[in-house]
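Peer 1: Sharing a structure here in structure tokens format.
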Amino acid sequence: MLKLKPPGRELIVEILIRLAGFSAIFLVALIFLFLLKEGAPAFWQVPLGNLFGQRWYPNEELFGTWPLILGSLLVTVGAVILALPLGLATAIFVRELAPDWLREILKPLIEVLAGIPSVVLGFLGMVAIAPLVRTYLGVPTGLTAFTGSLMLAYMALPTIISVAEDAIDAVPKEYRDGALAMGATHWQTIWRVVLPAARTGVIMAVMLGIGRAIGETMAVMMVTGNAARVPHELTALFMPARTMTATIAAEMGEVAQGSTHYHVLFAVGILLFIVTFIINAVASFIVIKGGPRRGGRLMG
Amino acid sequence: MVLICLAACGTRNAQVGTAVPGAQAAIQNKGSDTMVNLALAWAEAYGQIHPEVEIAVTGGGTGTGIAALINGTVDMANASRPIKAEEAAEAEANGIEPVEHVVAADAIAVVVHPSNPVDGLTIPELAAIFSGKISNWQEVGGEDRPIVLLSRESNSGTHVFFLEQVVRQGRKDDKTLFSPDTLLMPSSEGISAEVRHNPNAIGYDGLGYVTSDQKVVAVALAADRPYVLPAIDTVKNGTYPIARDLYIYTVGQPQGAILAYLDWIMGPVGQAIVKQLGFVPLQGAE
């Protein structure tokens with residue numbers, strides 16, 4: 001170790017940094033404890049059959065969270081299906097194909113995309129996108145899970161693009177040179193060499209995108225119609241849906257503190273936390289199983 | 001002037017905002033989204049003649065306003081439905097005694113897209129539509145289109161009133177619910193935007209919120225009864241079937257600045273504003 005004078009200074013800095021690091025973990029633990037404290041009573045105040053029932057109508061003590069969980073998943077899966085090909089293609093274009101001057105224009109533009117407030121997007125979706133969805137898809141109303149997915153895809157795009165772009169950038173130049181020297185075309189190099197090498201980073205991009213999507217509230221609440229119906233048919237994506245986040249946001253202001261409804265809303269928060277946790281765990285598992293290959297710069 | 005005392009009129013005195021008239025006073029006023037424009041107009045007009053009284057108005061829904069009253073964060077809660085027994089009990093457990101004041105009346109208008117050929121609906125038809133038993137406009141004399149149901153969120157007093165008076169047709173033992181396919185919109189604007197654009201839609205909202213680009217449907221109690229459009233006189237003479245009172249709840253008997261404000265609201269100037277905004281003034285206030 002390098003010796004510094006005065007010797008106490010390094011120790012103090014070390015302790016401060018350690019404290020800052022631990023505080024993040026401490027805060028997350030506190031948040032989870034708070035969620036648990038406020039949400040747990042729901043699990044014994046409401047029979048489980050009701051809590052995981054098909055009908056959400058708190059006015060009549062019907063607390064079926066099933067339509068909300070499925071609603072959130074439906075909107076999120078739709079968003080990922082829309083955003084993934086688009087985001088990946090944009091990342092490849094910006095990093096591998098675009099000339100330098102175009103890249104210099106595109107990168108800040110993508111960052112601006114991330115800065116648009118979600119309530120603005122929600123309003124745009126409600127007034128402009130929803131009527132288009134209804135007219136061109138011939139569905140009864142434009143306020144559907146799909147409209148929510150469109151908004152979320154738009155919001156997840158900047159995250160997916162930047163992270164995927166970093167992952168692609170981290171693939172060593174020798175890989176590309178090697179592929180090209182073997183006689184592969186530019187496209188073959190991207191598809192067969194660069195993308196597989198950047199795999200873990202790309203998966204990370206998708207997972208962060210999902211995280212962004214499932215937690216989004218305002219835009220979703222404004223465009224999905226908020227009908228707490230259980231999606232049981234293939235066309236459910238084009239029907240209204242109600243997400244967990246929108247439910248918490250719409251109803252939390254109304255409830256009397258300490259009522260059953262209040263505890264159930266926190267229980268919905270716990271469920272959301274668990275769903276997000278599972279997604280993150282799966283992502284980490286894939287990344288670890290992906291092995292110590294390159295392309296993991298952002299993991300380091 | 002209608003003044004109903006809910007519980008035994010209490011002795012809760014030193015509340016926020018109950019200052020002596022003439023001195024500086026701040027009144028916190030929150031609740032019904034139906035009433036928020038009305039409450040704002042009152043606060044603005046009152047502020048011009050009584051600049052020493054500061055009135056802060058916020059919306060959020062009747063449930064939100066009453067919850068705030070229970071938690072002791074507001075002085076006056078606007079409500080488009082009477083306080084529920086559970087809410088009153090919670091308030092009392094918190095040491096707060098809500099006192100009810102009827103300040104205006106309102107008609108709930110049923111609205112559809114202007115191109116919709118349906119002119120009138122009966123209460124049983126509306127009940128069947130909003131509970132999902134009728135799902136095509138053809139069944140009530142319209143075009144062959146699916147019906148898209150629009151409602152305010154369940155914390156809205158308008159929602160609860162419509163459920164009790166229309167979907168359940170006023171029967172206390174009826175446990176019918178809104179169809180799970182009902183779109184719950186977070187705002188009145190959400191409903192009017194969808195009704196303006198979507199020829200499949202049917203929604204309901206306070207008469208004061210109906211704009212000229214929505215079509216108002218006449219409502220009848222039954223098929224053999226007259227179909228009536230919502231208006232000030234049809235609410236006053238009792239012929240329009242979906243009308244209700246609008247309330248302000250105060251913490252205990254109002255005193256000082258709050259009492260003066262309430263008296264002014266129920267007086268001629270306050271009631272003239274009620275009429276201007278498309279609500280129905282109290283009987284005999286004109």
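Residues in the structure tokens are numbered from 1 in each chain, the chains being A, B, ... in the order shown, and ligands are numbered from 1 in the order shown.
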Near chain A, meaning an atom within 7 Å, which residues of chain B appear when counting only C-alpha atoms? Write them as a PyMOL selection string.

Peer 2: chain B and resi 63-64+67+146+148+155+180-186+197-198+200

Peer 1: Find the residues near segment 94-108 of chain A: any atom within 9 Å, counting only C-alpha atoms, skip ones fewer than 3 places away on the same chain, and give them as a VMD selection string.

Peer 2: chain A and resid 89 to 91 111 to 113 162 165 to 166 168 to 169 190

Peer 1: Which of these, A:Ile248, A:Val119, A:Val220, A:Phe285, has the shortest distance to Gly269 of chain A once you count only C-alpha atoms?

Peer 2: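 Comparing A:Ile248, A:Val119, A:Val220, A:Phe285 against Gly269 of chain A, the winner is A:Ile248.
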
Peer 1: Can you pull out every residue within 8 Å of Pro158 of chain A, counting only C-alpha atoms, but drop anything in the same chain fewer than 2 positions away, and send it as a PDB file with N, CA and C atoms, in the first residue's frame?

Peer 2:
ATOM      1  N   GLY A  87     -34.446  -1.106 -30.522  1.00  0.00           N
ATOM      2  CA  GLY A  87     -33.331  -0.612 -29.738  1.00  0.00           C
ATOM      3  C   GLY A  87     -32.023  -1.250 -30.164  1.00  0.00           C
ATOM      4  N   ILE A 110     -30.671  10.707 -28.816  1.00  0.00           N
ATOM      5  CA  ILE A 110     -31.209   9.574 -28.055  1.00  0.00           C
ATOM      6  C   ILE A 110     -31.290   9.926 -26.576  1.00  0.00           C
ATOM      7  N   GLU A 111     -30.286  10.683 -26.102  1.00  0.00           N
ATOM      8  CA  GLU A 111     -30.316  11.082 -24.695  1.00  0.00           C
ATOM      9  C   GLU A 111     -31.468  12.040 -24.411  1.00  0.00           C
ATOM     10  N   LEU A 113     -34.275  11.968 -25.849  1.00  0.00           N
ATOM     11  CA  LEU A 113     -35.440  11.083 -25.816  1.00  0.00           C
ATOM     12  C   LEU A 113     -35.733  10.638 -24.391  1.00  0.00           C
ATOM     13  N   ALA A 114     -34.659  10.358 -23.632  1.00  0.00           N
ATOM     14  CA  ALA A 114     -34.825   9.863 -22.267  1.00  0.00           C
ATOM     15  C   ALA A 114     -35.314  10.957 -21.339  1.00  0.00           C
ATOM     16  N   TYR A 154     -41.301   3.312 -26.141  1.00  0.00           N
ATOM     17  CA  TYR A 154     -40.654   4.584 -26.438  1.00  0.00           C
ATOM     18  C   TYR A 154     -39.775   5.023 -25.269  1.00  0.00           C
ATOM     19  N   MET A 155     -40.280   4.795 -24.050  1.00  0.00           N
ATOM     20  CA  MET A 155     -39.533   5.225 -22.871  1.00  0.00           C
ATOM     21  C   MET A 155     -38.361   4.309 -22.565  1.00  0.00           C
ATOM     22  N   ALA A 156     -38.502   3.013 -22.900  1.00  0.00           N
ATOM     23  CA  ALA A 156     -37.421   2.066 -22.599  1.00  0.00           C
ATOM     24  C   ALA A 156     -36.326   2.158 -23.664  1.00  0.00           C
ATOM     25  N   ILE A 160     -32.297   0.949 -23.489  1.00  0.00           N
ATOM     26  CA  ILE A 160     -31.856  -0.226 -24.244  1.00  0.00           C
ATOM     27  C   ILE A 160     -30.749   0.164 -25.220  1.00  0.00           C
ATOM     28  N   ILE A 161     -30.939   1.278 -25.919  1.00  0.00           N
ATOM     29  CA  ILE A 161     -29.945   1.690 -26.914  1.00  0.00           C
ATOM     30  C   ILE A 161     -28.601   1.969 -26.245  1.00  0.00           C
ATOM     31  N   SER A 162     -28.590   2.801 -25.185  1.00  0.00           N
ATOM     32  CA  SER A 162     -27.298   3.184 -24.601  1.00  0.00           C
ATOM     33  C   SER A 162     -26.560   1.980 -24.027  1.00  0.00           C
TER      34      SER A 162
END

Peer 1: Which residue is closest to Pro281 of chain B? Choose from B:Val195, B:Asp119, B:Ala105, B:Gln253 and count only C-alpha atoms.

Peer 2: B:Ala105

Peer 1: Skipping near chain neighbours, those fewer than 6 positions away, what residues fall within 7 Å of segment 263-280 of chain B using only C-alpha atoms, listed as a compact mmCIF listing (two decimals) with N, CA and C atoms, in the first residue's frame?

Peer 2:
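For reference, around_32.txt as written:
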# COMPACT_ATOMS: atom_id res chain seq x y z
N MET B 1 -81.09 27.95 3.64
CA MET B 1 -79.78 27.37 4.00
C MET B 1 -79.98 26.02 4.67
N LEU B 38 -65.88 24.63 -9.34
CA LEU B 38 -66.82 25.42 -8.55
C LEU B 38 -66.12 25.99 -7.33
N TRP B 42 -65.52 29.90 -6.42
CA TRP B 42 -65.92 30.48 -5.14
C TRP B 42 -64.74 31.15 -4.47
N VAL B 103 -74.39 22.37 -0.46
CA VAL B 103 -74.06 23.68 -1.02
C VAL B 103 -74.57 23.89 -2.44
N ALA B 104 -74.97 22.81 -3.13
CA ALA B 104 -75.48 22.94 -4.49
C ALA B 104 -76.03 21.58 -4.89
N ALA B 105 -76.60 21.51 -6.08
CA ALA B 105 -77.04 20.21 -6.59
C ALA B 105 -76.44 20.03 -7.98
N ASP B 106 -76.43 18.80 -8.45
CA ASP B 106 -75.77 18.49 -9.71
C ASP B 106 -76.56 17.40 -10.42
N LEU B 207 -72.92 17.56 -14.92
CA LEU B 207 -73.41 18.39 -16.02
C LEU B 207 -72.45 19.54 -16.32
N GLY B 208 -71.82 20.08 -15.28
CA GLY B 208 -70.91 21.20 -15.46
C GLY B 208 -69.70 20.85 -16.32
N ILE B 232 -80.97 22.72 -15.34
CA ILE B 232 -81.24 23.25 -14.00
C ILE B 232 -82.70 23.05 -13.61
N GLU B 286 -82.25 31.94 -5.19
CA GLU B 286 -82.17 33.01 -6.20
C GLU B 286 -83.09 34.18 -5.85
